[in-house]
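A.B. asks: Sharing a structure with you now.
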Amino acid sequence: MIQNEMSRRRLLGLGAAATLTLSGCGGGSSSDSSGASGNGGKDYTGPKVDLKLWNGFTGGDGDIFKTLVQQFNSEHKNIAVSVITYQWEDYYSKLPGAVSSGNGPDIAVMHMDQLATFAARGVITELDDVAKALELSEGDFAPTVWKGGLYNDKRYGIPLDMHPLGFYYNKAVMQKAGLDPEKPPATRDEYTAALTELKKSGVQGFWVSPFQFTGGMTYYSLLHQWGGAPSSTPRWQRRRSTPTRLSRRAPGWST
(Lines give C-alpha, C1' and ligand atoms only; values in the text may rest on other atoms or scores of the structure.)
Protein backbone atom coordinates (compact mmCIF):
# COMPACT_ATOMS: atom_id res chain seq x y z
CA MET A 1 0.00 0.00 0.00
CA ILE A 2 1.28 3.50 -0.77
CA GLN A 3 1.46 5.26 2.58
CA ASN A 4 2.85 8.66 1.66
CA GLU A 5 4.57 10.69 -1.01
CA MET A 6 8.01 9.58 0.12
CA SER A 7 7.04 5.93 -0.40
CA ARG A 8 6.13 6.79 -4.00
CA ARG A 9 9.79 7.49 -4.70
CA ARG A 10 10.08 7.36 -8.47
CA LEU A 11 12.46 5.22 -10.52
CA LEU A 12 14.70 7.75 -12.26
CA GLY A 13 15.65 6.08 -15.54
CA LEU A 14 19.23 7.14 -16.33
CA GLY A 15 20.01 6.81 -20.00
CA ALA A 16 23.25 7.01 -22.02
CA ALA A 17 25.10 3.90 -21.07
CA ALA A 18 23.50 3.99 -17.66
CA THR A 19 21.06 6.16 -15.71
CA LEU A 20 19.73 6.71 -12.18
CA THR A 21 16.06 5.96 -11.45
CA LEU A 22 13.40 6.27 -8.72
CA SER A 23 10.85 3.49 -8.14
CA GLY A 24 7.13 3.80 -8.67
CA CYS A 25 6.00 1.79 -5.65
CA GLY A 26 9.21 1.33 -3.73
CA GLY A 27 9.36 2.43 -0.13
CA GLY A 28 11.47 5.16 1.36
CA SER A 29 11.44 5.05 5.15
CA SER A 30 10.62 8.69 5.73
CA SER A 31 7.09 9.70 6.68
CA ASP A 32 7.56 13.29 5.51
CA SER A 33 5.53 14.15 2.40
CA SER A 34 7.96 16.78 1.17
CA GLY A 35 10.50 15.92 -1.52
CA ALA A 36 14.05 17.08 -1.98
CA SER A 37 14.12 20.81 -2.44
CA GLY A 38 15.78 23.18 -4.87
CA ASN A 39 18.83 21.44 -6.30
CA GLY A 40 18.26 17.73 -5.92
CA GLY A 41 18.70 17.41 -2.18
CA LYS A 42 21.81 19.48 -1.56
CA ASP A 43 19.81 21.83 0.63
CA TYR A 44 17.33 19.24 1.88
CA THR A 45 16.54 20.04 5.53
CA GLY A 46 13.72 17.60 6.25
CA PRO A 47 13.86 14.50 8.43
CA LYS A 48 16.34 11.75 7.59
CA VAL A 49 15.38 9.66 4.57
CA ASP A 50 16.77 6.23 3.67
CA LEU A 51 17.00 5.41 -0.03
CA LYS A 52 17.77 2.09 -1.70
CA LEU A 53 19.86 2.32 -4.86
CA TRP A 54 19.93 -0.68 -7.20
CA ASN A 55 22.65 -1.15 -9.80
CA GLY A 56 24.50 -3.80 -11.79
CA PHE A 57 28.05 -2.53 -11.41
CA THR A 58 29.85 -5.74 -10.39
CA GLY A 59 33.27 -4.88 -11.81
CA GLY A 60 35.78 -2.16 -11.02
CA ASP A 61 33.14 0.44 -11.81
CA GLY A 62 31.19 -0.84 -8.82
CA ASP A 63 33.92 0.20 -6.38
CA ILE A 64 34.02 3.68 -7.87
CA PHE A 65 30.23 3.90 -7.78
CA LYS A 66 30.12 2.95 -4.10
CA THR A 67 32.82 5.50 -3.32
CA LEU A 68 30.72 8.23 -4.94
CA VAL A 69 27.68 7.18 -2.92
CA GLN A 70 29.72 7.16 0.30
CA GLN A 71 30.92 10.65 -0.49
CA PHE A 72 27.33 11.79 -1.03
CA ASN A 73 26.23 10.23 2.27
CA SER A 74 29.04 11.94 4.14
CA GLU A 75 27.97 15.31 2.73
CA HIS A 76 24.25 14.82 3.41
CA LYS A 77 23.70 13.66 6.97
CA ASN A 78 19.92 13.49 6.60
CA ILE A 79 20.01 11.39 3.40
CA ALA A 80 21.28 7.80 3.59
CA VAL A 81 21.70 5.92 0.31
CA SER A 82 22.19 2.13 0.51
CA VAL A 83 23.76 0.45 -2.54
CA ILE A 84 22.37 -2.94 -3.62
CA THR A 85 24.16 -4.66 -6.51
CA TYR A 86 22.90 -7.45 -8.80
CA GLN A 87 24.30 -9.12 -11.89
CA TRP A 88 22.92 -7.33 -14.95
CA GLU A 89 21.44 -10.59 -16.27
CA ASP A 90 19.27 -10.81 -13.13
CA TYR A 91 18.74 -7.12 -12.57
CA TYR A 92 16.15 -6.29 -15.23
CA SER A 93 14.05 -9.38 -14.52
CA LYS A 94 13.88 -8.53 -10.80
CA LEU A 95 13.01 -4.88 -11.20
CA PRO A 96 9.37 -4.92 -12.44
CA GLY A 97 8.15 -7.38 -9.83
CA ALA A 98 10.00 -5.65 -7.03
CA VAL A 99 8.53 -2.26 -7.96
CA SER A 100 4.95 -3.54 -8.35
CA SER A 101 5.10 -5.32 -4.97
CA GLY A 102 6.41 -2.25 -3.16
CA ASN A 103 9.84 -3.78 -2.59
CA GLY A 104 11.66 -1.99 -5.38
CA PRO A 105 14.50 0.47 -5.11
CA ASP A 106 14.08 4.18 -4.52
CA ILE A 107 16.84 4.87 -7.02
CA ALA A 108 18.13 2.57 -9.74
CA VAL A 109 20.57 2.45 -12.63
CA MET A 110 19.27 1.64 -16.11
CA HIS A 111 20.89 1.34 -19.52
CA MET A 112 19.54 3.65 -22.18
CA ASP A 113 18.37 0.79 -24.40
CA GLN A 114 16.14 -0.46 -21.57
CA LEU A 115 14.59 2.89 -20.66
CA ALA A 116 11.72 3.02 -23.18
CA THR A 117 10.51 -0.48 -22.29
CA PHE A 118 10.42 0.21 -18.57
CA ALA A 119 8.80 3.62 -19.11
CA ALA A 120 6.07 2.09 -21.29
CA ARG A 121 5.42 -0.59 -18.65
CA GLY A 122 5.08 2.02 -15.93
CA VAL A 123 8.04 0.74 -13.95
CA ILE A 124 9.76 4.12 -14.09
CA THR A 125 8.19 7.54 -14.11
CA GLU A 126 8.84 11.00 -15.49
CA LEU A 127 11.51 13.22 -13.99
CA ASP A 128 11.37 16.42 -15.98
CA ASP A 129 10.90 18.19 -12.65
CA VAL A 130 14.10 16.64 -11.28
CA ALA A 131 16.12 17.77 -14.30
CA LYS A 132 14.62 21.25 -13.96
CA ALA A 133 15.39 21.41 -10.23
CA LEU A 134 18.99 20.37 -10.91
CA GLU A 135 19.18 22.94 -13.73
CA LEU A 136 20.34 20.27 -16.17
CA SER A 137 20.03 20.71 -19.93
CA GLU A 138 21.32 19.28 -23.19
CA GLY A 139 24.29 21.65 -22.98
CA ASP A 140 25.62 19.66 -20.02
CA PHE A 141 25.87 16.42 -22.03
CA ALA A 142 26.46 15.07 -25.50
CA PRO A 143 23.17 15.65 -27.40
CA THR A 144 22.64 11.95 -28.17
CA VAL A 145 23.13 11.02 -24.54
CA TRP A 146 20.72 13.66 -23.28
CA LYS A 147 18.02 12.77 -25.81
CA GLY A 148 18.41 9.10 -24.91
CA GLY A 149 16.63 9.80 -21.63
CA LEU A 150 13.40 10.73 -23.41
CA TYR A 151 10.37 8.55 -24.07
CA ASN A 152 7.31 10.04 -25.82
CA ASP A 153 8.86 13.49 -25.33
CA LYS A 154 8.97 13.01 -21.55
CA ARG A 155 12.19 12.69 -19.59
CA TYR A 156 12.58 9.37 -17.83
CA GLY A 157 16.35 9.38 -17.53
CA ILE A 158 19.22 11.62 -16.49
CA PRO A 159 22.64 10.53 -17.83
CA LEU A 160 24.98 8.85 -15.39
CA ASP A 161 27.79 7.63 -17.63
CA MET A 162 28.62 6.76 -21.22
CA HIS A 163 31.08 4.54 -23.07
CA PRO A 164 33.44 6.46 -25.36
CA LEU A 165 35.49 4.71 -28.04
CA GLY A 166 39.22 5.41 -27.67
CA PHE A 167 42.08 4.81 -30.11
CA TYR A 168 45.02 3.03 -28.49
CA TYR A 169 48.24 2.07 -30.22
CA ASN A 170 51.65 0.73 -29.26
CA LYS A 171 54.37 3.27 -30.08
CA ALA A 172 57.13 0.66 -29.92
CA VAL A 173 55.34 -1.57 -32.41
CA MET A 174 54.77 1.36 -34.77
CA GLN A 175 58.41 2.38 -34.56
CA LYS A 176 59.52 -1.20 -35.29
CA ALA A 177 57.40 -1.09 -38.47
CA GLY A 178 59.05 2.15 -39.57
CA LEU A 179 56.04 4.29 -38.72
CA ASP A 180 56.13 7.58 -36.82
CA PRO A 181 54.82 6.79 -33.30
CA GLU A 182 53.98 10.46 -32.77
CA LYS A 183 51.71 10.57 -35.82
CA PRO A 184 49.14 7.80 -35.60
CA PRO A 185 46.80 7.26 -38.58
CA ALA A 186 43.91 9.72 -38.67
CA THR A 187 42.15 8.71 -41.90
CA ARG A 188 40.99 5.49 -43.51
CA ASP A 189 43.84 5.54 -46.06
CA GLU A 190 46.46 6.22 -43.38
CA TYR A 191 45.03 3.43 -41.23
CA THR A 192 45.10 0.92 -44.10
CA ALA A 193 48.66 1.92 -44.99
CA ALA A 194 49.75 1.53 -41.36
CA LEU A 195 48.21 -1.95 -41.16
CA THR A 196 50.10 -2.94 -44.32
CA GLU A 197 53.43 -1.84 -42.84
CA LEU A 198 52.67 -3.47 -39.50
CA LYS A 199 51.89 -6.75 -41.25
CA LYS A 200 55.29 -6.63 -42.96
CA SER A 201 56.94 -6.43 -39.53
CA GLY A 202 55.03 -9.43 -38.22
CA VAL A 203 51.98 -7.75 -36.65
CA GLN A 204 48.97 -9.64 -37.94
CA GLY A 205 45.71 -7.73 -38.33
CA PHE A 206 43.70 -5.62 -35.93
CA TRP A 207 42.44 -6.91 -32.57
CA VAL A 208 38.83 -6.30 -31.60
CA SER A 209 37.58 -7.14 -28.11
CA PRO A 210 34.77 -9.76 -28.06
CA PHE A 211 32.95 -7.75 -25.39
CA GLN A 212 29.86 -6.07 -26.86
CA PHE A 213 30.27 -2.67 -25.16
CA THR A 214 33.82 -2.31 -26.47
CA GLY A 215 34.62 -4.61 -29.37
CA GLY A 216 31.07 -4.63 -30.68
CA MET A 217 30.94 -0.86 -30.93
CA THR A 218 34.46 -0.76 -32.40
CA TYR A 219 33.42 -3.24 -35.09
CA TYR A 220 30.24 -1.34 -36.01
CA SER A 221 32.17 1.93 -36.05
CA LEU A 222 34.80 0.56 -38.44
CA LEU A 223 32.12 -1.10 -40.58
CA HIS A 224 30.32 2.24 -40.96
CA GLN A 225 33.55 4.13 -41.71
CA TRP A 226 34.32 1.69 -44.51
CA GLY A 227 30.90 2.32 -46.02
CA GLY A 228 29.40 -0.95 -44.86
CA ALA A 229 26.31 -1.96 -42.91
CA PRO A 230 25.34 -5.07 -40.95
CA SER A 231 22.88 -5.84 -43.76
CA SER A 232 21.85 -4.03 -46.91
CA THR A 233 18.31 -5.38 -46.59
CA PRO A 234 16.01 -4.81 -43.59
CA ARG A 235 15.40 -7.97 -41.57
CA TRP A 236 11.65 -7.97 -42.22
CA GLN A 237 12.28 -7.90 -45.96
CA ARG A 238 14.81 -10.73 -45.72
CA ARG A 239 12.29 -12.84 -43.86
CA ARG A 240 9.54 -12.21 -46.42
CA SER A 241 11.80 -12.82 -49.41
CA THR A 242 13.41 -15.97 -48.05
CA PRO A 243 11.29 -19.09 -48.59
CA THR A 244 10.75 -21.34 -45.62
CA ARG A 245 11.71 -24.96 -45.93
CA LEU A 246 11.63 -28.07 -43.83
CA SER A 247 14.90 -28.84 -42.08
CA ARG A 248 16.17 -32.38 -42.52
CA ARG A 249 18.13 -32.36 -39.26
CA ALA A 250 15.33 -31.52 -36.89
CA PRO A 251 11.57 -31.17 -37.02
CA GLY A 252 10.27 -27.68 -37.58
CA TRP A 253 10.81 -24.90 -40.04
CA SER A 254 13.96 -22.94 -40.71
CA THR A 255 14.57 -19.85 -42.74
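Starting from 1 in every chain, residues are counted up; chains themselves are A, B, ... following the order of the C-alpha coordinates, and ligands are numbered from 1 as listed.
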Report as a ChimeraX atom specification all protein, DNA and RNA residues lying within 9 Å of region 206-220 of chain A, evaluated on only C-alpha atoms, omitting residues in the same chain fewer than 5 positions from it.
C.D. replies: /A:163-165,195,225,228-230
A.B. asks: I need the residues from that last selection saved to file as a PDB file, in the first residue's frame (with N, CA, C and O atoms), if you can.
C.D. replies:
```pdb
ATOM      1  N   HIS A 163      29.907   5.312 -22.663  1.00  0.00           N
ATOM      2  CA  HIS A 163      31.080   4.541 -23.066  1.00  0.00           C
ATOM      3  C   HIS A 163      31.706   5.140 -24.317  1.00  0.00           C
ATOM      4  O   HIS A 163      31.204   4.924 -25.416  1.00  0.00           O
ATOM      5  N   PRO A 164      32.793   5.892 -24.175  1.00  0.00           N
ATOM      6  CA  PRO A 164      33.443   6.459 -25.358  1.00  0.00           C
ATOM      7  C   PRO A 164      34.319   5.409 -26.034  1.00  0.00           C
ATOM      8  O   PRO A 164      34.738   4.429 -25.406  1.00  0.00           O
ATOM      9  N   LEU A 165      34.583   5.584 -27.315  1.00  0.00           N
ATOM     10  CA  LEU A 165      35.494   4.710 -28.039  1.00  0.00           C
ATOM     11  C   LEU A 165      36.839   5.417 -28.159  1.00  0.00           C
ATOM     12  O   LEU A 165      36.917   6.517 -28.712  1.00  0.00           O
ATOM     13  N   LEU A 195      48.421  -0.519 -41.339  1.00  0.00           N
ATOM     14  CA  LEU A 195      48.210  -1.954 -41.155  1.00  0.00           C
ATOM     15  C   LEU A 195      49.083  -2.760 -42.110  1.00  0.00           C
ATOM     16  O   LEU A 195      49.610  -3.827 -41.747  1.00  0.00           O
ATOM     17  N   GLN A 225      32.536   3.273 -41.105  1.00  0.00           N
ATOM     18  CA  GLN A 225      33.550   4.133 -41.711  1.00  0.00           C
ATOM     19  C   GLN A 225      34.008   3.603 -43.067  1.00  0.00           C
ATOM     20  O   GLN A 225      34.440   4.370 -43.925  1.00  0.00           O
ATOM     21  N   GLY A 228      30.191   0.262 -44.958  1.00  0.00           N
ATOM     22  CA  GLY A 228      29.402  -0.949 -44.864  1.00  0.00           C
ATOM     23  C   GLY A 228      28.228  -0.816 -43.924  1.00  0.00           C
ATOM     24  O   GLY A 228      28.007   0.228 -43.307  1.00  0.00           O
ATOM     25  N   ALA A 229      27.454  -1.887 -43.818  1.00  0.00           N
ATOM     26  CA  ALA A 229      26.313  -1.957 -42.911  1.00  0.00           C
ATOM     27  C   ALA A 229      26.126  -3.413 -42.520  1.00  0.00           C
ATOM     28  O   ALA A 229      26.530  -4.314 -43.265  1.00  0.00           O
ATOM     29  N   PRO A 230      25.551  -3.683 -41.356  1.00  0.00           N
ATOM     30  CA  PRO A 230      25.340  -5.074 -40.948  1.00  0.00           C
ATOM     31  C   PRO A 230      24.565  -5.864 -41.992  1.00  0.00           C
ATOM     32  O   PRO A 230      24.801  -7.043 -42.198  1.00  0.00           O
TER      33      PRO A 230
END
```
A.B. asks: Which of region 43-89 of chain A counts as strand (DSSP E or B) under DSSP, as a short mmCIF file (atom, residue, chain, number, x, y, z; two decimals) with all heavy atoms, in the first residue's frame please?
C.D. replies:
```cif
data_model
loop_
_atom_site.label_atom_id
_atom_site.label_comp_id
_atom_site.auth_asym_id
_atom_site.auth_seq_id
_atom_site.Cartn_x
_atom_site.Cartn_y
_atom_site.Cartn_z
N VAL A 49 16.03 10.56 5.51
CA VAL A 49 15.38 9.66 4.57
C VAL A 49 16.39 8.60 4.14
O VAL A 49 17.56 8.89 3.90
CB VAL A 49 14.83 10.43 3.35
CG1 VAL A 49 15.94 11.17 2.61
CG2 VAL A 49 14.13 9.49 2.39
N ASP A 50 15.94 7.35 4.10
CA ASP A 50 16.77 6.23 3.67
C ASP A 50 16.35 5.80 2.27
O ASP A 50 15.18 5.49 2.03
CB ASP A 50 16.64 5.05 4.64
CG ASP A 50 17.11 5.41 6.03
OD1 ASP A 50 18.20 5.97 6.16
OD2 ASP A 50 16.37 5.13 6.99
N LEU A 51 17.29 5.75 1.36
CA LEU A 51 17.00 5.41 -0.03
C LEU A 51 17.79 4.18 -0.46
O LEU A 51 18.99 4.07 -0.19
CB LEU A 51 17.36 6.59 -0.94
CG LEU A 51 16.71 7.94 -0.63
CD1 LEU A 51 17.25 9.02 -1.56
CD2 LEU A 51 15.19 7.83 -0.76
N LYS A 52 17.12 3.27 -1.15
CA LYS A 52 17.77 2.09 -1.70
C LYS A 52 18.13 2.36 -3.16
O LYS A 52 17.29 2.78 -3.94
CB LYS A 52 16.84 0.88 -1.60
CG LYS A 52 16.57 0.40 -0.20
CD LYS A 52 15.64 -0.80 -0.18
CE LYS A 52 14.26 -0.45 -0.69
NZ LYS A 52 13.33 -1.62 -0.63
N LEU A 53 19.38 2.07 -3.51
CA LEU A 53 19.86 2.32 -4.86
C LEU A 53 20.30 0.99 -5.48
O LEU A 53 21.27 0.39 -5.04
CB LEU A 53 21.02 3.32 -4.83
CG LEU A 53 21.45 3.96 -6.15
CD1 LEU A 53 22.37 5.15 -5.88
CD2 LEU A 53 22.15 3.00 -7.08
N TRP A 54 19.57 0.55 -6.50
CA TRP A 54 19.93 -0.68 -7.20
C TRP A 54 20.84 -0.38 -8.38
O TRP A 54 20.71 0.65 -9.04
CB TRP A 54 18.68 -1.38 -7.73
CG TRP A 54 17.88 -2.11 -6.71
CD1 TRP A 54 17.87 -1.92 -5.35
CD2 TRP A 54 16.93 -3.16 -6.96
NE1 TRP A 54 16.98 -2.77 -4.76
CE2 TRP A 54 16.39 -3.54 -5.72
CE3 TRP A 54 16.48 -3.79 -8.12
CZ2 TRP A 54 15.42 -4.54 -5.61
CZ3 TRP A 54 15.53 -4.77 -8.02
CH2 TRP A 54 15.01 -5.16 -6.78
N ASN A 55 21.77 -1.30 -8.65
CA ASN A 55 22.65 -1.15 -9.80
C ASN A 55 23.20 -2.51 -10.19
O ASN A 55 23.02 -3.49 -9.48
CB ASN A 55 23.80 -0.18 -9.47
CG ASN A 55 24.82 -0.80 -8.54
OD1 ASN A 55 25.86 -1.29 -8.97
ND2 ASN A 55 24.53 -0.81 -7.24
N ILE A 79 20.35 12.25 4.52
CA ILE A 79 20.01 11.39 3.40
C ILE A 79 20.97 10.20 3.41
O ILE A 79 22.18 10.39 3.32
CB ILE A 79 20.12 12.12 2.05
CG1 ILE A 79 19.27 13.39 2.03
CG2 ILE A 79 19.70 11.19 0.90
CD1 ILE A 79 19.42 14.21 0.76
N ALA A 80 20.45 9.00 3.55
CA ALA A 80 21.28 7.80 3.59
C ALA A 80 20.94 6.91 2.40
O ALA A 80 19.83 6.39 2.29
CB ALA A 80 21.07 7.04 4.90
N VAL A 81 21.89 6.73 1.50
CA VAL A 81 21.70 5.92 0.31
C VAL A 81 22.39 4.57 0.51
O VAL A 81 23.59 4.52 0.78
CB VAL A 81 22.25 6.62 -0.95
CG1 VAL A 81 22.05 5.73 -2.18
CG2 VAL A 81 21.59 7.97 -1.14
N SER A 82 21.64 3.49 0.39
CA SER A 82 22.19 2.13 0.51
C SER A 82 22.31 1.52 -0.89
O SER A 82 21.35 1.52 -1.66
CB SER A 82 21.28 1.25 1.36
OG SER A 82 21.14 1.78 2.66
N VAL A 83 23.50 1.02 -1.21
CA VAL A 83 23.76 0.45 -2.54
C VAL A 83 23.51 -1.05 -2.53
O VAL A 83 24.04 -1.78 -1.71
CB VAL A 83 25.21 0.74 -2.97
CG1 VAL A 83 25.50 0.07 -4.31
CG2 VAL A 83 25.46 2.24 -3.06
N ILE A 84 22.66 -1.52 -3.47
CA ILE A 84 22.37 -2.94 -3.62
C ILE A 84 22.72 -3.33 -5.04
O ILE A 84 22.21 -2.74 -6.00
CB ILE A 84 20.88 -3.24 -3.34
CG1 ILE A 84 20.54 -2.83 -1.91
CG2 ILE A 84 20.57 -4.71 -3.54
CD1 ILE A 84 19.16 -2.31 -1.74
N THR A 85 23.63 -4.30 -5.20
CA THR A 85 24.16 -4.66 -6.51
C THR A 85 23.72 -6.05 -6.94
O THR A 85 23.78 -7.00 -6.16
CB THR A 85 25.70 -4.60 -6.49
OG1 THR A 85 26.13 -3.30 -6.04
CG2 THR A 85 26.27 -4.85 -7.87
#
```
A.B. asks: Can you pull out the residues contacting Glu138 (chain A)? Cut-off 12 Å, using only C-alpha atoms, and skip same-chain residues under 5 positions away; I want them as an NGL selection string.
C.D. replies: :A and (131-132 or 143-150 or 155 or 158-159)
A.B. asks: How would the residues just chosen look if you wrote them out with all heavy atoms as a short mmCIF file (atom, residue, chain, number, x, y, z; two decimals), in the first residue's frame?
C.D. replies:
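Saved result, result_33.cif, follows:
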```cif
data_model
loop_
_atom_site.label_atom_id
_atom_site.label_comp_id
_atom_site.auth_asym_id
_atom_site.auth_seq_id
_atom_site.Cartn_x
_atom_site.Cartn_y
_atom_site.Cartn_z
N ALA A 131 15.14 17.13 -13.43
CA ALA A 131 16.12 17.77 -14.30
C ALA A 131 16.04 19.29 -14.19
O ALA A 131 17.06 19.99 -14.17
CB ALA A 131 15.89 17.34 -15.75
N LYS A 132 14.81 19.81 -14.09
CA LYS A 132 14.62 21.25 -13.96
C LYS A 132 15.17 21.76 -12.64
O LYS A 132 15.84 22.79 -12.58
CB LYS A 132 13.13 21.60 -14.07
CG LYS A 132 12.84 23.09 -14.01
CD LYS A 132 11.35 23.36 -14.19
CE LYS A 132 11.06 24.86 -14.13
NZ LYS A 132 9.60 25.14 -14.30
N PRO A 143 24.59 15.62 -27.01
CA PRO A 143 23.17 15.65 -27.40
C PRO A 143 22.52 14.27 -27.48
O PRO A 143 21.40 14.08 -27.00
CB PRO A 143 23.22 16.32 -28.78
CG PRO A 143 24.42 17.20 -28.72
CD PRO A 143 25.42 16.41 -27.92
N THR A 144 23.21 13.29 -28.05
CA THR A 144 22.64 11.95 -28.17
C THR A 144 22.36 11.33 -26.81
O THR A 144 21.34 10.67 -26.60
CB THR A 144 23.58 11.04 -28.98
OG1 THR A 144 23.79 11.59 -30.28
CG2 THR A 144 22.98 9.64 -29.12
N VAL A 145 23.27 11.57 -25.89
CA VAL A 145 23.13 11.02 -24.54
C VAL A 145 21.94 11.66 -23.83
O VAL A 145 21.13 10.98 -23.18
CB VAL A 145 24.42 11.24 -23.74
CG1 VAL A 145 24.23 10.83 -22.28
CG2 VAL A 145 25.58 10.47 -24.36
N TRP A 146 21.82 12.95 -23.93
CA TRP A 146 20.72 13.66 -23.28
C TRP A 146 19.37 13.25 -23.85
O TRP A 146 18.42 12.99 -23.12
CB TRP A 146 20.93 15.17 -23.43
CG TRP A 146 19.87 16.02 -22.81
CD1 TRP A 146 18.96 16.81 -23.46
CD2 TRP A 146 19.59 16.18 -21.41
NE1 TRP A 146 18.15 17.45 -22.56
CE2 TRP A 146 18.51 17.09 -21.29
CE3 TRP A 146 20.15 15.66 -20.25
CZ2 TRP A 146 17.98 17.47 -20.06
CZ3 TRP A 146 19.64 16.03 -19.02
CH2 TRP A 146 18.56 16.93 -18.93
N LYS A 147 19.27 13.14 -25.16
CA LYS A 147 18.02 12.77 -25.81
C LYS A 147 17.67 11.31 -25.54
O LYS A 147 16.50 10.92 -25.64
CB LYS A 147 18.11 13.03 -27.31
CG LYS A 147 18.21 14.50 -27.66
CD LYS A 147 18.43 14.73 -29.16
CE LYS A 147 18.56 16.22 -29.46
NZ LYS A 147 18.87 16.46 -30.90
N GLY A 148 18.66 10.50 -25.20
CA GLY A 148 18.41 9.10 -24.91
C GLY A 148 17.56 8.89 -23.66
O GLY A 148 17.02 7.81 -23.45
N GLY A 149 17.43 9.91 -22.84
CA GLY A 149 16.63 9.80 -21.63
C GLY A 149 15.17 10.14 -21.84
O GLY A 149 14.39 10.19 -20.88
N LEU A 150 14.78 10.36 -23.10
CA LEU A 150 13.40 10.73 -23.41
C LEU A 150 12.59 9.54 -23.91
O LEU A 150 13.10 8.67 -24.61
CB LEU A 150 13.37 11.82 -24.49
CG LEU A 150 14.02 13.17 -24.14
CD1 LEU A 150 14.01 14.07 -25.36
CD2 LEU A 150 13.31 13.84 -22.97
N ARG A 155 10.90 13.15 -20.09
CA ARG A 155 12.19 12.69 -19.59
C ARG A 155 12.00 11.63 -18.52
O ARG A 155 11.37 11.84 -17.50
CB ARG A 155 13.00 13.87 -19.02
CG ARG A 155 14.33 13.44 -18.40
CD ARG A 155 15.35 14.53 -18.47
NE ARG A 155 15.56 14.99 -19.84
CZ ARG A 155 16.32 14.33 -20.75
NH1 ARG A 155 16.92 13.22 -20.40
NH2 ARG A 155 16.45 14.80 -21.96
N ILE A 158 18.17 10.61 -16.56
CA ILE A 158 19.22 11.62 -16.49
C ILE A 158 20.55 10.89 -16.62
O ILE A 158 20.81 9.93 -15.89
CB ILE A 158 19.17 12.39 -15.16
CG1 ILE A 158 17.84 13.16 -15.05
CG2 ILE A 158 20.35 13.34 -15.04
CD1 ILE A 158 17.65 13.86 -13.73
N PRO A 159 21.40 11.27 -17.57
CA PRO A 159 22.64 10.53 -17.83
C PRO A 159 23.52 10.36 -16.60
O PRO A 159 23.71 11.29 -15.81
CB PRO A 159 23.34 11.38 -18.89
CG PRO A 159 22.22 12.10 -19.58
CD PRO A 159 21.22 12.40 -18.49
#
```
A.B. asks: With only C-alpha atoms as the basis for distance, which of A:Ala108, A:Lys199, A:Asp113, A:Thr125 is at the shortest distance from Lys94 (chain A)?
C.D. replies: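 With only C-alpha atoms as the atom set, the closest residue is A:Ala108.
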A.B. asks: Measuring between only C-alpha atoms, which one of A:Gly122, A:Gly60, A:Gly202, A:Gly139 shows the shortest distance to Lys176 (chain A)?
C.D. replies: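 Among A:Gly122, A:Gly60, A:Gly202, A:Gly139, it is A:Gly202 that comes nearest to Lys176 (chain A).
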A.B. asks: Using only C-alpha atoms, which of A:Ser221, A:Gln175, A:Gln114, A:Ser231 sits nearest Leu95 (chain A)?
C.D. replies: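 Of A:Ser221, A:Gln175, A:Gln114, A:Ser231, the one nearest Leu95 (chain A), counting only C-alpha atoms, is A:Gln114.
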A.B. asks: Counting only C-alpha atoms, figure out which residue out of A:Lys77, A:Trp88, A:Tyr168, A:Lys154 gets nearest to Lys48 (chain A).
C.D. replies: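 Looking only at the distances to Lys48 (chain A), the closest residue turns out to be A:Lys77.
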